[in-house]
$ cat my_file27.txt   # compact mmCIF, C-alpha atoms
# COMPACT_ATOMS: atom_id res chain seq x y z
CA MET Z 1 0.00 0.00 0.00
CA PHE Z 2 2.73 2.47 0.92
CA ARG Z 3 4.69 1.68 -2.26
CA THR Z 4 1.52 2.59 -4.21
CA ILE Z 5 1.23 5.91 -2.37
CA LEU Z 6 4.83 6.82 -3.14
CA THR Z 7 4.62 5.76 -6.78
CA ALA Z 8 1.48 7.80 -7.26
CA ALA Z 9 3.14 10.80 -5.68
CA LEU Z 10 5.94 10.60 -8.25
CA ALA Z 11 3.43 11.14 -11.02
CA TRP Z 12 2.98 14.75 -9.96
CA SER Z 13 6.09 15.49 -7.92
CA ALA Z 14 9.07 16.52 -10.05
CA THR Z 15 10.63 18.48 -7.19
CA PRO Z 16 12.26 17.24 -3.96
CA ALA Z 17 9.86 15.56 -1.56
CA LEU Z 18 8.27 17.66 1.14
CA ALA Z 19 6.96 16.49 4.52
CA ASN Z 20 3.52 15.60 3.20
CA ASP Z 21 5.13 13.26 0.64
CA SER Z 22 6.78 11.22 3.36
CA ILE Z 23 5.88 8.12 5.32
CA ALA Z 24 7.71 7.69 8.62
CA GLU Z 25 9.41 4.40 9.45
CA LEU Z 26 8.97 2.96 12.94
CA GLY Z 27 12.16 1.70 14.58
CA THR Z 28 11.79 -1.91 15.75
CA GLY Z 29 14.30 -4.28 17.29
CA GLY Z 30 14.77 -7.62 18.99
CA LEU Z 31 14.03 -9.38 22.26
CA ILE Z 32 14.63 -8.17 25.81
CA LEU Z 33 15.13 -10.48 28.83
CA SER Z 34 13.99 -9.59 32.34
CA ARG Z 35 17.31 -10.78 33.81
CA SER Z 36 20.73 -10.96 32.21
CA ASP Z 37 23.16 -12.45 34.74
CA ALA Z 38 22.73 -16.10 33.70
CA VAL Z 39 21.55 -16.28 30.09
CA ALA Z 40 23.93 -15.31 27.28
CA MET Z 41 23.14 -14.63 23.64
CA GLU Z 42 25.31 -17.25 21.99
CA SER Z 43 24.40 -16.22 18.46
CA GLU Z 44 22.09 -13.98 16.47
CA ASP Z 45 21.29 -14.39 12.78
CA LEU Z 46 19.44 -11.28 11.59
CA PHE Z 47 17.85 -10.88 8.15
CA ILE Z 48 16.29 -7.60 7.01
CA SER Z 49 14.37 -6.81 3.84
CA GLN Z 50 11.40 -4.63 2.99
CA GLU Z 51 9.09 -7.64 3.17
CA LYS Z 52 10.26 -9.26 6.40
CA VAL Z 53 12.61 -9.24 9.35
CA THR Z 54 13.64 -12.61 10.75
CA VAL Z 55 15.86 -13.17 13.77
CA ASP Z 56 17.22 -16.54 14.87
CA TYR Z 57 18.78 -16.58 18.34
CA VAL Z 58 20.61 -19.19 20.38
CA PHE Z 59 20.47 -18.40 24.09
CA ARG Z 60 22.49 -20.41 26.60
CA ASN Z 61 22.05 -20.72 30.34
CA ASN Z 62 25.61 -21.10 31.59
CA THR Z 63 24.63 -21.90 35.18
CA ASP Z 64 23.76 -25.16 36.94
CA LYS Z 65 20.19 -24.09 37.67
CA ASP Z 66 17.19 -23.57 35.43
CA VAL Z 67 16.37 -19.92 34.89
CA SER Z 68 12.82 -18.63 34.46
CA ALA Z 69 12.47 -15.20 32.91
CA ILE Z 70 10.11 -12.93 31.07
CA VAL Z 71 11.08 -12.31 27.47
CA ALA Z 72 9.60 -9.24 25.78
CA PHE Z 73 9.34 -7.86 22.26
CA PRO Z 74 8.60 -4.12 22.40
CA MET Z 75 6.55 -2.95 19.44
CA PRO Z 76 7.24 0.61 18.27
CA ASP Z 77 5.12 3.34 19.83
CA ILE Z 78 2.58 4.78 17.42
CA GLU Z 79 0.88 8.15 17.51
CA GLY Z 80 -2.74 8.55 16.46
CA ASP Z 81 -2.11 11.84 14.64
CA PRO Z 82 -4.15 12.31 11.43
CA ASN Z 83 -1.42 14.63 10.12
CA GLU Z 84 1.22 11.89 10.28
CA MET Z 85 1.70 8.91 7.97
CA PRO Z 86 3.54 6.15 9.83
CA ALA Z 87 4.23 3.01 7.83
CA ILE Z 88 2.09 0.29 9.42
CA PRO Z 89 2.13 -3.12 7.66
CA GLU Z 90 -1.07 -4.50 9.22
CA ALA Z 91 -3.22 -1.39 9.50
CA GLN Z 92 -6.33 -3.05 10.97
CA SER Z 93 -4.72 -5.23 13.63
CA ASP Z 94 -3.38 -4.83 17.16
CA ASN Z 95 -0.53 -7.01 15.89
CA PHE Z 96 0.33 -4.30 13.38
CA LEU Z 97 3.72 -5.84 12.52
CA GLY Z 98 2.44 -9.41 12.17
CA PHE Z 99 4.79 -10.57 14.94
CA GLU Z 100 5.33 -14.36 15.35
CA VAL Z 101 7.73 -16.31 17.57
CA THR Z 102 8.85 -19.94 17.97
CA ILE Z 103 10.84 -21.54 20.80
CA ASP Z 104 12.86 -24.63 19.88
CA GLY Z 105 10.70 -24.93 16.77
CA ALA Z 106 7.33 -24.76 18.54
CA ASP Z 107 4.94 -21.85 18.07
CA ALA Z 108 4.73 -19.65 21.15
CA LYS Z 109 1.64 -17.72 22.18
CA PRO Z 110 2.88 -14.43 23.61
CA GLN Z 111 0.60 -12.08 25.50
CA LEU Z 112 0.04 -8.55 24.25
CA GLU Z 113 0.30 -5.70 26.76
CA GLN Z 114 -1.09 -2.38 25.50
CA LYS Z 115 -1.53 1.03 27.07
CA ALA Z 116 -2.68 4.34 25.67
CA PHE Z 117 -1.34 7.73 26.73
CA ALA Z 118 -2.29 11.35 26.15
CA LEU Z 119 0.02 14.10 27.37
CA GLY Z 120 1.95 11.39 29.23
CA ILE Z 121 -1.15 10.25 31.18
CA ASP Z 122 -2.45 6.68 30.97
CA ILE Z 123 -5.92 6.98 29.41
CA SER Z 124 -6.42 3.27 28.69
CA ALA Z 125 -9.32 3.03 31.15
CA ASP Z 126 -11.07 6.02 29.54
CA LEU Z 127 -10.96 4.37 26.13
CA LYS Z 128 -12.11 0.99 27.42
CA ALA Z 129 -15.03 2.59 29.30
CA GLN Z 130 -16.35 3.91 25.98
CA ASN Z 131 -15.57 0.70 24.07
CA VAL Z 132 -12.91 2.47 22.01
CA PRO Z 133 -10.06 0.18 20.88
CA LEU Z 134 -6.61 1.23 22.08
CA TYR Z 135 -5.16 0.70 18.60
CA PRO Z 136 -5.67 4.12 16.98
CA PHE Z 137 -5.43 3.46 13.24
CA GLY Z 138 -8.07 0.80 12.64
CA ASP Z 139 -11.57 1.33 11.29
CA ALA Z 140 -12.92 0.07 14.63
CA ALA Z 141 -11.46 3.05 16.52
CA LYS Z 142 -12.83 5.47 13.95
CA ALA Z 143 -16.32 3.95 14.22
CA ALA Z 144 -16.24 3.97 18.04
CA LEU Z 145 -15.21 7.64 18.18
CA ALA Z 146 -18.14 8.54 15.93
CA LYS Z 147 -20.49 7.16 18.61
CA LEU Z 148 -19.03 9.09 21.55
CA PRO Z 149 -21.52 11.12 23.63
CA LYS Z 150 -21.03 14.83 22.99
CA GLU Z 151 -19.90 15.59 26.54
CA VAL Z 152 -17.31 12.79 26.44
CA ALA Z 153 -15.98 13.93 23.07
CA GLU Z 154 -15.62 17.51 24.31
CA ASP Z 155 -13.82 16.33 27.46
CA TRP Z 156 -11.45 14.12 25.45
CA GLU Z 157 -10.70 16.91 23.03
CA ASN Z 158 -9.79 19.22 25.92
CA ARG Z 159 -7.54 16.52 27.38
CA GLY Z 160 -5.66 15.90 24.12
CA ILE Z 161 -7.07 12.40 23.63
CA ILE Z 162 -8.80 13.15 20.32
CA ILE Z 163 -8.66 15.92 17.75
CA GLU Z 164 -11.02 17.23 15.10
CA ASP Z 165 -10.01 16.21 11.60
CA THR Z 166 -11.52 17.79 8.50
CA ALA Z 167 -11.02 16.02 5.19
CA ASP Z 168 -12.76 15.17 1.93
CA ASP Z 169 -13.97 11.57 2.05
CA GLY Z 170 -15.05 11.68 -1.61
CA SER Z 171 -18.48 13.11 -0.92
CA GLY Z 172 -17.35 16.49 0.34
CA MET Z 173 -15.55 17.96 3.34
CA LYS Z 174 -16.42 16.36 6.65
CA THR Z 175 -15.22 16.88 10.22
CA VAL Z 176 -14.81 13.87 12.47
CA TYR Z 177 -12.98 13.05 15.69
CA ALA Z 178 -9.64 11.31 15.19
CA PRO Z 179 -7.35 9.56 17.70
CA PHE Z 180 -4.55 11.70 19.10
CA TRP Z 181 -3.24 9.33 21.75
CA GLN Z 182 -0.03 7.31 21.83
CA LEU Z 183 -0.14 3.51 21.91
CA ARG Z 184 2.58 1.44 23.58
CA SER Z 185 2.49 -2.28 22.82
CA THR Z 186 4.69 -5.13 24.04
CA TYR Z 187 4.48 -8.85 23.37
CA TRP Z 188 5.81 -10.94 26.25
CA TRP Z 189 5.98 -14.51 27.48
CA ARG Z 190 7.51 -16.55 30.30
CA SER Z 191 10.37 -18.78 29.24
CA THR Z 192 12.53 -21.34 31.00
CA PHE Z 193 16.21 -21.66 30.10
CA PRO Z 194 17.40 -25.11 31.27
CA ALA Z 195 20.72 -25.36 33.09
CA ASN Z 196 23.74 -25.58 30.80
CA LYS Z 197 21.59 -25.84 27.69
CA ALA Z 198 20.90 -23.80 24.58
CA VAL Z 199 17.43 -22.54 23.65
CA HIS Z 200 16.63 -21.62 20.04
CA VAL Z 201 14.25 -18.68 19.65
CA SER Z 202 13.12 -17.34 16.29
CA HIS Z 203 10.83 -14.45 15.57
CA ARG Z 204 9.67 -12.64 12.50
CA TYR Z 205 7.61 -9.61 11.58
CA LYS Z 206 6.91 -7.20 8.76
CA PRO Z 207 9.07 -4.10 9.05
CA SER Z 208 7.77 -0.57 9.03
CA VAL Z 209 9.21 0.83 5.81
CA GLY Z 210 9.24 4.59 5.62
CA GLY Z 211 9.63 6.43 2.36
CA THR Z 212 9.78 9.64 0.38
CA SER Z 213 8.43 10.11 -3.13
CA SER Z 214 11.74 11.43 -4.49
CA VAL Z 215 15.37 11.74 -3.39
CA SER Z 216 15.46 14.25 -0.54
CA PHE Z 217 19.22 14.80 -0.50
CA PHE Z 218 20.04 15.59 -4.16
CA TYR Z 219 18.41 18.22 -6.36
CA ASP Z 220 19.37 21.20 -8.51
CA GLY Z 221 22.47 19.30 -9.53
CA GLN Z 222 24.01 18.89 -6.09
CA PHE Z 223 23.84 17.07 -2.76
CA GLN Z 224 21.90 19.19 -0.28
CA GLY Z 225 18.74 19.05 1.85
CA GLN Z 226 19.01 15.89 3.98
CA TYR Z 227 22.49 15.08 2.67
CA ALA Z 228 24.53 15.76 5.83
CA THR Z 229 22.11 13.80 7.99
CA TYR Z 230 21.90 10.89 5.54
CA LYS Z 231 25.68 10.78 5.06
CA THR Z 232 26.12 10.09 8.77
CA ARG Z 233 23.05 7.94 9.32
CA TYR Z 234 23.42 5.67 6.27
CA CYS Z 235 27.19 5.89 5.56
CA MET Z 236 26.68 6.76 1.88
CA ASP Z 237 29.96 6.12 0.04
CA ASP Z 238 31.37 7.31 -3.29
CA GLY Z 239 29.85 4.42 -5.25
CA PHE Z 240 26.38 5.13 -3.93
CA GLU Z 241 26.67 8.88 -4.52
CA ASN Z 242 28.06 8.41 -8.03
CA ALA Z 243 25.05 6.25 -8.89
CA VAL Z 244 22.76 9.05 -7.71
CA ARG Z 245 24.67 11.61 -9.80
CA LYS Z 246 24.43 9.40 -12.87
CA ALA Z 247 20.68 8.93 -12.41
CA ALA Z 248 20.25 12.70 -12.18
CA LYS Z 249 22.38 13.27 -15.29
CA ASP Z 250 20.38 10.67 -17.24
CA ASN Z 251 17.09 12.41 -16.47
CA PRO Z 252 16.24 15.51 -18.57
CA ASP Z 253 14.74 17.16 -15.47
CA GLY Z 254 18.03 16.78 -13.60
CA TYR Z 255 16.53 14.80 -10.71
CA PRO Z 256 17.47 11.18 -9.92
CA GLN Z 257 14.40 9.12 -10.72
CA TYR Z 258 14.30 7.18 -7.47
CA PHE Z 259 12.08 7.15 -4.43
CA GLU Z 260 13.41 6.46 -0.96
CA SER Z 261 12.57 3.57 1.34
CA ARG Z 262 13.94 3.49 4.89
CA ILE Z 263 14.13 0.77 7.55
CA ALA Z 264 15.24 1.28 11.16
CA TYR Z 265 16.26 -1.69 13.32
CA ILE Z 266 17.02 -1.25 17.03
CA LEU Z 267 20.01 -3.54 17.58
CA THR Z 268 21.27 -2.16 20.90
CA THR Z 269 18.85 -4.30 22.94
CA GLY Z 270 21.27 -7.17 22.21
CA GLY Z 271 23.50 -5.75 24.92
CA ASN Z 272 21.02 -6.63 27.67
CA TRP Z 273 22.08 -10.27 27.96
CA ALA Z 274 24.81 -11.87 30.09
CA SER Z 275 28.32 -10.69 29.09
CA GLY Z 276 26.71 -7.79 27.21
CA ASN Z 277 27.70 -9.02 23.75
CA ILE Z 278 26.59 -11.46 21.05
CA GLY Z 279 28.89 -14.45 20.64
CA ASP Z 280 28.36 -14.92 16.88
CA PHE Z 281 26.54 -12.18 15.02
CA LYS Z 282 25.41 -12.32 11.41
CA LEU Z 283 23.51 -9.63 9.55
CA THR Z 284 22.04 -10.11 6.08
CA ILE Z 285 20.36 -7.25 4.23
CA ASP Z 286 18.40 -7.84 1.03
CA LYS Z 287 17.84 -4.75 -1.11
CA GLY Z 288 15.09 -6.45 -3.13
CA SER Z 289 15.76 -5.73 -6.80
CA PRO Z 290 19.24 -5.61 -8.38
CA LYS Z 291 18.22 -2.19 -9.71
CA ASN Z 292 17.82 -0.79 -6.20
CA LEU Z 293 20.57 1.14 -4.46
CA VAL Z 294 21.23 0.43 -0.78
CA SER Z 295 23.36 2.07 1.88
CA PHE Z 296 23.86 1.29 5.57
CA CYS Z 297 26.65 1.43 8.14
CA GLY Z 298 28.61 -1.71 8.92
CA ASP Z 299 32.10 -3.20 9.22
CA ASN Z 300 33.54 -5.67 6.71
CA VAL Z 301 30.32 -5.90 4.72
CA ARG Z 302 30.41 -8.33 1.77
CA LYS Z 303 28.10 -8.63 -1.19
CA VAL Z 304 27.06 -12.31 -1.18
CA GLY Z 305 24.35 -12.31 -3.84
CA PRO Z 306 22.72 -10.16 -6.54
CA THR Z 307 20.70 -8.34 -3.87
CA THR Z 308 22.17 -9.45 -0.54
CA PHE Z 309 24.88 -8.06 1.71
CA GLU Z 310 26.35 -9.78 4.77
CA MET Z 311 28.26 -8.77 7.88
CA THR Z 312 29.59 -11.16 10.53
CA ALA Z 313 31.32 -10.55 13.84
CA LYS Z 314 32.58 -12.43 16.91
CA ASP Z 315 31.82 -11.27 20.46
CA PHE Z 316 29.84 -8.44 18.92
CA TYR Z 317 28.75 -5.56 21.12
CA PRO Z 318 25.83 -3.66 19.53
CA GLU Z 319 26.77 -0.04 20.07
CA HIS Z 320 24.64 1.34 17.25
CA ASP Z 321 21.29 0.61 15.70
CA ILE Z 322 20.88 -0.25 12.01
CA ASP Z 323 19.45 2.29 9.57
CA ILE Z 324 18.98 1.23 5.96
CA LEU Z 325 18.39 3.52 2.98
CA LEU Z 326 17.03 2.06 -0.25
CA LEU Z 327 16.59 3.96 -3.50
CA GLU Z 328 14.14 2.30 -5.85
CA PRO Z 329 13.78 3.29 -9.52
CA ALA Z 330 10.61 5.21 -10.31
CA ASP Z 331 10.24 3.12 -13.50
CA ASP Z 332 11.66 -0.05 -14.99
CA THR Z 333 14.33 1.73 -17.03
CA SER Z 334 16.05 3.65 -14.25
CA GLY Z 335 18.81 2.47 -11.98
CA GLY Z 336 21.29 -0.33 -12.39
CA ASP Z 337 23.00 -3.09 -10.52
CA ASN Z 338 24.54 -0.71 -8.03
CA GLY Z 339 24.54 -0.97 -4.29
CA ASN Z 340 26.55 -0.07 -1.28
CA GLY Z 341 26.79 -2.27 1.76
CA GLY Z 342 28.88 -0.07 4.01

$ encode --input "my_file27.txt" --output "structure tokens"
Amino acid sequence: MFRTILTAALAWSATPALANDSIAELGTGGLILSRSDAVAMESEDLFISQEKVTVDYVFRNNTDKDVSAIVAFPMPDIEGDPNEMPAIPEAQSDNFLGFEVTIDGADAKPQLEQKAFALGIDISADLKAQNVPLYPFGDAAKAALAKLPKEVAEDWENRGIIIEDTADDGSGMKTVYAPFWQLRSTYWWRSTFPANKAVHVSHRYKPSVGGTSSVSFFYDGQFQGQYATYKTRYCMDDGFENAVRKAAKDNPDGYPQYFESRIAYILTTGGNWASGNIGDFKLTIDKGSPKNLVSFCGDNVRKVGPTTFEMTAKDFYPEHDIDILLLEPADDTSGGDNGNGG
């Protein structure tokens, strides 16, 4: 759906993308353990693409006693602001990333903890009392807000829980109440790590892929706009930048005919386990099409396939999160087999 939005925007946008052409990515990461003095992360095999994120862990209890712990997967916070466009893969579901987990090959059934906040105040009970779902972006929340008693709606508007939103729904301009609260969601489960044994945990979800309908860091024949920020965040190298220059030169309008896609992965939670590092770490990033350009920060990155890049490390301490920039051709004739892995 979001690819369609961006592609449609390119049809009328020949200038650099502005804020209303953008979809914000939601940073998402891995698992967190309630205690870290006994269970080490022996290995982590992380795969990231626009379609899926998969993580295969091996955890080992290095003590002589079984360890029971709560394992959590924090979902990204989302804001119910009608003026924002966060990239949400499963727009009608509380499980808006399609999160799944297995333990030693068996499907787990994690519990979902959700709370809603407005101005930093927990307003979950207020929403539940009026049968309003806590998840702000689904049709169910919109329908429930339309049924609010007038005095409740006025109170909630004053408290920053909802906001009036005026838009054309196809039949003319209409004003409705829209969610304005923040949702915090966490999947969690109780897990036992047997003494001196390894436990294999795998989870997967659909990433939140942000985007912009054109290249925001190169226009009017030069790198500018978001360039300084992107250079640091995505480690754009000479090969990547030369490909952007060439795309701009090949276009009569002087703009590189790409749109941006962005993925943010929170890797630093890997430091919460015993010893604070990951014994064997492997990262694989798939840029999708050979015509796409990709840039991200990493050490000793190797291209291992037409679209895949790999980084491995021993006793890896995750000091930084992973931010990935993809440039996708606006049509089938743009781009080339270029890509930067580091």

$ residues_around --input "my_file27.txt" --residues "stretch 169-178 of chain Z" --least-positions-apart "2" --cutoff "7 Å" --atoms "all atoms listed in the file" --output "PDB file with C-alpha atoms, in the coordinates of the input"
ATOM      1  CA  PRO Z  82      -4.150  12.310  11.430  1.00  0.00           C
ATOM      2  CA  LYS Z 142     -12.830   5.470  13.950  1.00  0.00           C
ATOM      3  CA  LEU Z 145     -15.210   7.640  18.180  1.00  0.00           C
ATOM      4  CA  ALA Z 146     -18.140   8.540  15.930  1.00  0.00           C
ATOM      5  CA  ILE Z 162      -8.800  13.150  20.320  1.00  0.00           C
ATOM      6  CA  ILE Z 163      -8.660  15.920  17.750  1.00  0.00           C
ATOM      7  CA  GLU Z 164     -11.020  17.230  15.100  1.00  0.00           C
ATOM      8  CA  ASP Z 165     -10.010  16.210  11.600  1.00  0.00           C
ATOM      9  CA  THR Z 166     -11.520  17.790   8.500  1.00  0.00           C
ATOM     10  CA  ALA Z 167     -11.020  16.020   5.190  1.00  0.00           C
ATOM     11  CA  PHE Z 180      -4.550  11.700  19.100  1.00  0.00           C
TER      12      PHE Z 180
END

$ closest_residue --input "my_file27.txt" --among "Z:Met75, Z:Val199, Z:Leu327, Z:Val53" --to "Z:Leu112" --atoms "all atoms listed in the file"
Z:Met75

$ closest_residue --input "my_file27.txt" --among "Z:Pro89, Z:Pro256, Z:Gly279, Z:Gly221" --to "Z:Tyr57" --atoms "only C-alpha atoms"
Z:Gly279

$ residues_around --input "my_file27.txt" --residues "Z:Lys147" --least-positions-apart "6" --cutoff "12 Å" --atoms "all atoms listed in the file" --output "compact mmCIF listing (two decimals) with C-alpha atoms, in the coordinates of the input"
# COMPACT_ATOMS: atom_id res chain seq x y z
CA GLN Z 130 -16.35 3.91 25.98
CA ASN Z 131 -15.57 0.70 24.07
CA VAL Z 132 -12.91 2.47 22.01
CA ALA Z 140 -12.92 0.07 14.63
CA ALA Z 141 -11.46 3.05 16.52
CA ALA Z 153 -15.98 13.93 23.07
CA VAL Z 176 -14.81 13.87 12.47
CA TYR Z 177 -12.98 13.05 15.69

$ atom_distance --input "my_file27.txt" --atom1 "atom CA of Z:Pro179" --atom2 "atom CA of Z:Gln111"
24.3 Å

$ atom_distance --input "my_file27.txt" --atom1 "atom CA of Z:Lys115" --atom2 "atom CA of Z:Ile324"
29.4 Å

$ closest_residue --input "my_file27.txt" --among "Z:Glu42, Z:Asp139, Z:Asp126, Z:Glu113" --to "Z:Asp155" --atoms "only C-alpha atoms"
Z:Asp126

$ residues_near_point --input "my_file27.txt" --point "(24.1, -15.1, 14.7)" --cutoff "7 Å" --atoms "all atoms listed in the file" --output "short mmCIF file (atom, residue, chain, number, x, y, z; two decimals) with C-alpha atoms, keeping the file's coordinate frame"
data_model
loop_
_atom_site.label_atom_id
_atom_site.label_comp_id
_atom_site.auth_asym_id
_atom_site.auth_seq_id
_atom_site.Cartn_x
_atom_site.Cartn_y
_atom_site.Cartn_z
CA SER Z 43 24.40 -16.22 18.46
CA GLU Z 44 22.09 -13.98 16.47
CA ASP Z 45 21.29 -14.39 12.78
CA LEU Z 46 19.44 -11.28 11.59
CA TYR Z 57 18.78 -16.58 18.34
CA ASP Z 280 28.36 -14.92 16.88
CA PHE Z 281 26.54 -12.18 15.02
CA LYS Z 282 25.41 -12.32 11.41
#

$ atom_distance --input "my_file27.txt" --atom1 "atom CA of Z:Gln257" --atom2 "atom CA of Z:Ser49"
21.6 Å

$ decode --input "my_file27.txt" --residues "stretch 103-111 of chain Z" --atoms "all heavy atoms" --output "PDB file, in the first residue's frame"
ATOM      1  N   ILE Z 103       9.819 -21.172  19.829  1.00  0.00           N
ATOM      2  CA  ILE Z 103      10.842 -21.543  20.798  1.00  0.00           C
ATOM      3  C   ILE Z 103      11.175 -23.011  20.585  1.00  0.00           C
ATOM      4  O   ILE Z 103      10.296 -23.876  20.694  1.00  0.00           O
ATOM      5  CB  ILE Z 103      10.357 -21.306  22.242  1.00  0.00           C
ATOM      6  CG1 ILE Z 103       9.978 -19.830  22.433  1.00  0.00           C
ATOM      7  CG2 ILE Z 103      11.425 -21.716  23.244  1.00  0.00           C
ATOM      8  CD1 ILE Z 103       9.320 -19.531  23.758  1.00  0.00           C
ATOM      9  N   ASP Z 104      12.430 -23.278  20.239  1.00  0.00           N
ATOM     10  CA  ASP Z 104      12.861 -24.633  19.884  1.00  0.00           C
ATOM     11  C   ASP Z 104      11.914 -25.263  18.865  1.00  0.00           C
ATOM     12  O   ASP Z 104      11.526 -26.437  18.958  1.00  0.00           O
ATOM     13  CB  ASP Z 104      12.962 -25.508  21.140  1.00  0.00           C
ATOM     14  CG  ASP Z 104      14.177 -25.160  21.987  1.00  0.00           C
ATOM     15  OD1 ASP Z 104      15.167 -24.662  21.419  1.00  0.00           O
ATOM     16  OD2 ASP Z 104      14.128 -25.371  23.208  1.00  0.00           O
ATOM     17  N   GLY Z 105      11.515 -24.455  17.883  1.00  0.00           N
ATOM     18  CA  GLY Z 105      10.700 -24.933  16.773  1.00  0.00           C
ATOM     19  C   GLY Z 105       9.205 -24.957  17.009  1.00  0.00           C
ATOM     20  O   GLY Z 105       8.444 -25.210  16.072  1.00  0.00           O
ATOM     21  N   ALA Z 106       8.761 -24.724  18.234  1.00  0.00           N
ATOM     22  CA  ALA Z 106       7.325 -24.762  18.538  1.00  0.00           C
ATOM     23  C   ALA Z 106       6.760 -23.342  18.595  1.00  0.00           C
ATOM     24  O   ALA Z 106       7.396 -22.434  19.148  1.00  0.00           O
ATOM     25  CB  ALA Z 106       7.080 -25.474  19.872  1.00  0.00           C
ATOM     26  N   ASP Z 107       5.576 -23.161  18.043  1.00  0.00           N
ATOM     27  CA  ASP Z 107       4.939 -21.847  18.071  1.00  0.00           C
ATOM     28  C   ASP Z 107       4.659 -21.420  19.500  1.00  0.00           C
ATOM     29  O   ASP Z 107       4.115 -22.197  20.302  1.00  0.00           O
ATOM     30  CB  ASP Z 107       3.626 -21.864  17.291  1.00  0.00           C
ATOM     31  CG  ASP Z 107       3.845 -22.004  15.790  1.00  0.00           C
ATOM     32  OD1 ASP Z 107       4.937 -21.662  15.322  1.00  0.00           O
ATOM     33  OD2 ASP Z 107       2.916 -22.461  15.101  1.00  0.00           O
ATOM     34  N   ALA Z 108       5.040 -20.220  19.833  1.00  0.00           N
ATOM     35  CA  ALA Z 108       4.727 -19.651  21.150  1.00  0.00           C
ATOM     36  C   ALA Z 108       3.493 -18.776  21.033  1.00  0.00           C
ATOM     37  O   ALA Z 108       3.135 -18.314  19.948  1.00  0.00           O
ATOM     38  CB  ALA Z 108       5.909 -18.839  21.659  1.00  0.00           C
ATOM     39  N   LYS Z 109       2.836 -18.552  22.157  1.00  0.00           N
ATOM     40  CA  LYS Z 109       1.638 -17.716  22.184  1.00  0.00           C
ATOM     41  C   LYS Z 109       1.870 -16.562  23.165  1.00  0.00           C
ATOM     42  O   LYS Z 109       1.436 -16.612  24.313  1.00  0.00           O
ATOM     43  CB  LYS Z 109       0.409 -18.537  22.580  1.00  0.00           C
ATOM     44  CG  LYS Z 109       0.096 -19.659  21.596  1.00  0.00           C
ATOM     45  CD  LYS Z 109      -1.211 -20.347  21.931  1.00  0.00           C
ATOM     46  CE  LYS Z 109      -1.486 -21.495  20.961  1.00  0.00           C
ATOM     47  NZ  LYS Z 109      -1.617 -21.024  19.575  1.00  0.00           N
ATOM     48  N   PRO Z 110       2.571 -15.545  22.707  1.00  0.00           N
ATOM     49  CA  PRO Z 110       2.876 -14.430  23.611  1.00  0.00           C
ATOM     50  C   PRO Z 110       1.627 -13.624  23.946  1.00  0.00           C
ATOM     51  O   PRO Z 110       0.652 -13.600  23.194  1.00  0.00           O
ATOM     52  CB  PRO Z 110       3.866 -13.599  22.791  1.00  0.00           C
ATOM     53  CG  PRO Z 110       3.537 -13.904  21.370  1.00  0.00           C
ATOM     54  CD  PRO Z 110       3.103 -15.341  21.357  1.00  0.00           C
ATOM     55  N   GLN Z 111       1.676 -12.985  25.102  1.00  0.00           N
ATOM     56  CA  GLN Z 111       0.603 -12.076  25.499  1.00  0.00           C
ATOM     57  C   GLN Z 111       0.929 -10.670  25.009  1.00  0.00           C
ATOM     58  O   GLN Z 111       2.088 -10.290  24.885  1.00  0.00           O
ATOM     59  CB  GLN Z 111       0.445 -12.070  27.018  1.00  0.00           C
ATOM     60  CG  GLN Z 111       0.079 -13.424  27.609  1.00  0.00           C
ATOM     61  CD  GLN Z 111      -0.190 -13.333  29.097  1.00  0.00           C
ATOM     62  OE1 GLN Z 111      -0.990 -12.514  29.549  1.00  0.00           O
ATOM     63  NE2 GLN Z 111       0.491 -14.174  29.865  1.00  0.00           N
TER      64      GLN Z 111
END
